[in-house]
Every structure is written in C-alpha cells, then in structure tokens.
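Just below is one structure, and these are the notes that go with it.
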Amino acid sequence: MSAQKSSSTAAVEPERARYRADLLTLNAKPLWERTMVMGPGNDAVPAIWHYRDMRPQLLRAAELVTTEEAERRVLMLENPGLPGSTYILTSVYSGLQIILPGEIARAHRHSTNAMRFILEGGGAYSSVEGERVMMNPGDFVLTPYWTWHDHGHVGSEPVIWLDALDNPVAKFFGAMFRENYAGETQPVTRAPNEAETRYGAHLLPVEMKSGSRSSPLMLYPYDRTRETLLKLSRLGPVDPAQGVKLRYANPASGGYPFPTIAVFIQWLPAGFAGAAYRATDGTVMCCVEGQGSIAFGDRVFQFEKGDVWCCPPWITYRISAASEAIVFSYSDRAAQEALGFWREETLKGNQG
C-alpha cells in the first residue's frame with residue numbers, strides 16, 4: 001500500500017466508525033466487514049456417550065425422581081459444542097429415557113416428529129393414536145408429528161430407549177407446539193399391530209390416501225430388520241465407507257419415515273476399516289451389536305453395545321469394527337434432500 005493510500009484510509013477511518021455506529025442504530029451491518037465465512041459445518045463437535053456410564057445415571061434418576069415430578073425421565077444428550085442448547089446436533093434432539101414396571105408416561109402430542117430406539121428390557125409399550133405396540137430391544141418405534149402418544153410398562157424390568165426428535169427444526173421455524181391429553185392415557189381403539197397388518201407386508205389398502213408424510217407404521221421390529229440386514233450382508237456389496245447400510249422406508253411412499261429425519265441401520269464385518277467419509281447431514285449413531293471405533297482425525301472413540309455418538313455435518317470420519325457389528329443411526333438427511341442441500345463425499349488415500 002502506498003503512503004498516500006495509507007494516509008487516505010487513516011483520514012476516512014473516523015468517518016467509517018461513525019458510519020458503523022449509525023448503522024447499528026438501524027439494526028444493520030455492512031456485509032463487507034462480516035467475519036463469518038460461508039462454508040459447510042457448524043459449532044457441533046464429535047462426542048460419545050458410553051452406555052456403561054449413562055445406564056447407572058438413568059437408574060439413579062428412577063430412584064430420585066418420580067414420573068409425577070418429571071412426566072418422562074429423560075437424560076438429554078447435549079453436544080459439548082452447543083452448550084445450553086439441550087441438543088445433540090443443531091438439527092436433532094436426543095435423550096435416553098427409562099421407564100420402570102407399573103409406570104406410565106402421560107399422553108400428549110406435539111408438532112415435532114419423535115422416534116425411539118429400544119436399548120434394553122421388555123414389557124414396555126407405546127400407544128399412538130389409539131394403537132398399542134409392545135417394544136423390544138432393537139425395535140425402531142415412530143411417533144409422527146401431532147399424534148397423541150403415551151407409554152407404559154407391564155413387564156418386570158427397567159426399559160431404556162434412545163429418544164430422537166426434530167425439535168431444533170421446529171424451533172428454527174418458530175413452529176413448536178405441544179398439548180396435553182385430557183387423561184393420563186388415551187384409550188386403545190385399534191387392534192393390536194393394526195398398522196403392521198395394513199401396511200407392513202409390502203401391500204397397501206386400495207383406498208389408502210394418507211395425508212401424512214410420515215410412515216403409517218408404528219413399529220419396525222428388530223428381528224425382521226436384523227434378518228434382512230444379515231441376508232444382504234452375505235449378498236453384498238460392502239460399501240468401503242459404510243459396510244452394508246439400509247434405510248428404513250415409508251411403505252406408502254418409499255421415502256423416509258419422517259419428512260425431516262432419515263433412519264438407517266448398517267452391518268460392519270469383523271475387521272472392517274472404513275474409508276474416510278463426510279456428509280452434510282448431522283448424524284447420531286448407536287451400537288446395537290458388537291464393538292468398534294470411529295475416528296475423527298486423530299480423535300478416536302471406542303464403542304460397544306448401547307453407546308451413542310454424533311457425527312456433525314461435513315466432519316470427516318472413519319468407522320471400524322473389531323468384531324461383527326450393527327449400528328443404528330438417524331440424521332437430518334430427509335430434510336436436507338427435500339431442500340436440495342445434502343451432499344456426501346468418500347475420500348480416497350490419506351485425505352481426511
């Protein structure tokens with residue numbers, strides 16, 4: 001910079017300062033002075049919650065807090081990079097919930113989509129819009145937006161599941177609503193497993209005209225999912241980054257179970273060492289079977305059954321399996337694809 005130009009800039013700087021101050025009074029700022037650079041990713045960081053650490057705290061919560069006090073005993077999984085948000089990622093909320101024998105979780109509904117993945121125990125049920133289904137480990141259970149739902153437990157052991165909701169999306173749009181049911185529970189008005197009978201056999205009622213963009217199924221049972229996954233693992237192919245990965249599908253449309261949340265399950269062979277991969281969707285993963293590790297650069301998390309971890313958008317990771325492993329996951333990919341944002345990249349060589 002020439003001396004003349006430097007002197008000219010110095011002379012005008014006080015006027016620029018006054019200009020910035022004037023703009024602030026109008027709630028405006030000059031674009032050319034912004035410090036935020038356009039690019040992928042956000043403030044969320046990779047993090048893991050080990051089941052061996054979280055389970056004792058859930059049992060402790062069951063001793064210290066009644067369902068009347070808490071309504072639902074849930075430990076929220078908050079990303080270390082998003083302090084105070086209560087969110088595991090900027091697009092999804094996740095929590096671990098426990099229910100004891102004889103308890104109920106009161107009926108309510110909300111404008112956000114919810115799902116649960118059962119980690120431990122039997123004898124608990126979920127009721128949605130008058131239909132009740134029993135829940136077992138590995139089951140993926142849906143609660144579509146604005147549907148009445150409650151939970152109960154008629155078994156003999158604690159039941160623990162992983163909750164997920166698209167609360168951050170609704171919060172972003174200012175469209176979060178919630179309403180309590182008139183009673184503690186809703187009446188059962190539909191036959192047991194009616195949704196499975198109507199929609200779960202690759203057949204649909206001729207007259208079906210669903211106004212919902214969510215799956216009509218309430219339950220995707222793990223025994224059927226696991227059988228399909230293992231059969232396909234023998235047929236191949238095995239993706240170099242993801243192993244054998246399937247998505248849970250809406251039988252009415254072939255799309256995702258929710259308009260905002262995509263849900264997946266994948267199989268990793270023993271000794272699998274995944275290629276470096278990244279995508280724009282924020283993903284939450286949970287180990288269903290086996291052991292392995294996930295590496296974010298030099299940071300490596302070891303995982304085993306019940307562990308939950310998150311992969312923030314556009315952060316490269318490599319997933320490996322010490323033994324044959326099955327991993328359940330969900331992300332905001334459904335919303336991103338609908339809006340045209342989603343992209344992925346499998347990196348080669350030493351990239352990532």
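If you're wondering about the labels, chains in the structure tokens are A, B, ... by order shown, residues count from 1 in each chain, ligands from 1 in order shown.
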Item checked: Shell of 9 Å around Asn42 of chain A, only C-alpha atoms, local chain residues under 6 positions omitted, as a PyMOL selection string -> chain A and resi 90+312-314
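Near Val308 of chain A, within 8 Å and counting only C-alpha atoms, sit Ile48, Trp49, His50, Tyr51, Val284, Met285, Cys286 and Cys287 of chain A; same-chain residues fewer than 4 positions away were not included.
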Next item on the list: Go through segment 162-250 of chain A and collect every residue that DSSP, computed from the backbone, puts in strand (DSSP E or B); the answer should be as JSON, numbers by chain.
Entry: {"A": [162, 163, 164, 165, 178, 179, 180, 219, 220, 239, 243, 244, 245, 246, 247]}
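Minimum atom-to-atom distance to Val92 of chain A, evaluated using only C-alpha atoms, belongs to A:Lys171 out of A:Lys209, A:Arg60, A:Lys171, A:Arg109.
Closest approach to Pro251 of chain A among A:Arg318, A:Arg333, A:Arg132, A:Arg213: A:Arg213, based on only C-alpha atoms.
Around Pro221 of chain A, within 7 Å and counting only C-alpha atoms, the residues found are Asp139, Phe140 and Thr225 of chain A, once anything fewer than 4 positions away on its own chain is removed.
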Notebook entry, point to check: Skipping near chain neighbours, those fewer than 5 positions away, what residues fall within 12 Å of Thr316 of chain A using only C-alpha atoms, listed as a PyMOL selection string?
Noted result: chain A and resi 40-41+45-46+241+274-282+294-299+311+344-348+350-352
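The coordinates place atom CA of Gly243 of chain A at 27.1 Å from atom CA of Ser214 of chain A.
Atom pair atom CA of Tyr256 of chain A / atom CA of Val128 of chain A has a distance of 19.1 Å (rounded to one decimal).
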Next item on the list: Would you mind telling me which residue in A:Tyr87, A:Phe341, A:Tyr330, A:Phe301 lies nearest to Ile265 of chain A when using only C-alpha atoms?
Entry: A:Tyr330
